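Structure file upload.txt; described as compact mmCIF, C-alpha atoms.
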```
# COMPACT_ATOMS: atom_id res chain seq x y z
CA MET Y 1 24.70 -27.90 20.73
CA ILE Y 2 22.49 -24.82 20.61
CA LEU Y 3 20.51 -24.31 23.77
CA PRO Y 4 16.73 -23.81 23.30
CA PRO Y 5 16.70 -20.30 24.87
CA ALA Y 6 19.49 -19.20 22.55
CA LEU Y 7 17.61 -20.65 19.59
CA LEU Y 8 14.45 -18.79 20.56
CA LEU Y 9 16.40 -15.55 20.87
CA GLY Y 10 17.82 -16.06 17.39
CA VAL Y 11 14.37 -16.68 15.93
CA SER Y 12 12.92 -13.61 17.61
CA LEU Y 13 15.68 -11.47 16.12
CA ALA Y 14 14.98 -12.82 12.64
CA ILE Y 15 11.32 -11.73 12.63
CA PRO Y 16 10.98 -8.35 10.90
CA VAL Y 17 9.26 -5.61 12.87
CA VAL Y 18 6.95 -3.27 11.01
CA ASP Y 19 5.98 -0.01 12.61
CA LYS Y 20 3.98 1.38 9.69
CA VAL Y 21 2.13 0.23 6.61
CA PRO Y 22 4.21 0.68 3.45
CA ALA Y 23 3.10 3.42 1.08
CA PRO Y 24 3.67 2.06 -2.42
CA ASN Y 25 3.67 4.46 -5.34
CA VAL Y 26 0.47 3.56 -7.19
CA GLU Y 27 0.36 6.60 -9.47
CA GLN Y 28 1.67 4.75 -12.54
CA VAL Y 29 -0.73 1.86 -11.97
CA CYS Y 30 -3.70 4.21 -11.60
CA GLU Y 31 -2.62 6.14 -14.70
CA GLY Y 32 -2.54 2.90 -16.70
CA ILE Y 33 -5.94 1.81 -15.39
CA ALA Y 34 -7.43 5.20 -16.26
CA GLN Y 35 -5.97 5.15 -19.77
CA GLN Y 36 -7.30 1.66 -20.45
CA GLY Y 37 -10.81 2.87 -19.69
CA GLY Y 38 -10.61 5.97 -21.90
CA GLY Y 39 -11.39 6.20 -25.58
CA SER Y 40 -8.15 8.07 -26.33
CA PHE Y 41 -5.25 9.53 -24.42
CA HIS Y 42 -6.96 12.92 -24.62
CA ASP Y 43 -10.17 11.67 -23.01
CA PRO Y 44 -11.14 14.09 -20.19
CA ASN Y 45 -12.40 11.18 -18.09
CA ILE Y 46 -8.85 9.85 -17.70
CA ALA Y 47 -8.06 12.47 -15.04
CA VAL Y 48 -11.26 11.65 -13.16
CA GLU Y 49 -10.61 7.89 -13.31
CA ARG Y 50 -7.02 8.39 -12.19
CA LYS Y 51 -8.17 10.48 -9.21
CA ASN Y 52 -10.81 7.88 -8.31
CA CYS Y 53 -8.18 5.14 -8.39
CA LEU Y 54 -5.73 7.11 -6.22
CA ASP Y 55 -8.48 8.03 -3.74
CA SER Y 56 -9.47 4.38 -3.49
CA GLU Y 57 -5.89 3.24 -2.91
CA HIS Y 58 -5.34 5.88 -0.23
CA ALA Y 59 -8.61 4.96 1.50
CA ILE Y 60 -7.61 1.29 1.59
CA ARG Y 61 -4.21 2.20 3.03
CA ASP Y 62 -5.90 4.34 5.71
CA GLU Y 63 -8.23 1.45 6.60
CA THR Y 64 -5.23 -0.84 6.91
CA MET Y 65 -3.50 1.64 9.23
CA VAL Y 66 -6.56 1.76 11.48
CA GLU Y 67 -6.98 -2.02 11.44
CA PHE Y 68 -3.38 -2.80 12.32
CA PHE Y 69 -2.28 0.17 14.38
CA GLY Y 70 -5.47 1.91 15.50
CA GLU Y 71 -4.40 5.16 13.90
CA ARG Y 72 -4.40 7.08 10.65
```
Translate the structure of the given file into structure tokens.
Amino acid sequence: MILPPALLLGVSLAIPVVDKVPAPNVEQVCEGIAQQGGGSFHDPNIAVERKNCLDSEHAIRDETMVEFFGER
């Protein structure tokens, strides 16, 4: 029979510990979003839309860091 303290220790070891917010690579996603909004692949606004998307993603990640860890 497993003793309750031993069971609790096992459960606590199974919980993953995260010390930072993951930084997913969103460049391909932002590139696709920018291209969908452009008239052609040579549209000069694609670069601007891509940068706006990346800036937005990075800002959200920074907000998450502050919310969870109190730091940037």
(message) As an exercise, work out the distance from CA of Cys30 in chain Y to CA of Glu67 in chain Y in Å and give it to one decimal place.
(response) 24.1 Å
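Minimum atom-to-atom distances from Y:Gly70, Y:Ala23, Y:Glu31, Y:Glu63 to Arg50 in chain Y were compared using all atoms listed in the file, and the lowest value belongs to Y:Glu31.
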(message) Restricting the calculation to all atoms listed in the file: of Y:Val66, Y:Ala59, Y:Pro24, Y:Glu49, which residue gets closest to Gln36 in chain Y?
(response) Y:Glu49
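Of note, CA of Pro22 in chain Y and CA of Ile46 in chain Y are spaced 26.5 Å apart.
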(message) Can you measure CA of Gly32 in chain Y to CA of Phe68 in chain Y for me? One decimal in Å is fine.
(response)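 A separation of 29.6 Å between them.
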(request) Please provide as a list in words all residues within 12 Å of Gln28 in chain Y, with the sequence filter that same-chain residues fewer than 6 positions apart are discarded (counting all atoms listed in the file). (result) Ala34, Gln35, Arg50, Lys51, Cys53 and Leu54 of chain Y
(message) Ranking Y:Glu57, Y:Gly37, Y:Met65, Y:Asp43 by minimum distance to Asn25 in chain Y and counting all atoms listed in the file, which one comes first?
(response)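 The answer is Y:Glu57, which sits nearest to Asn25 in chain Y.
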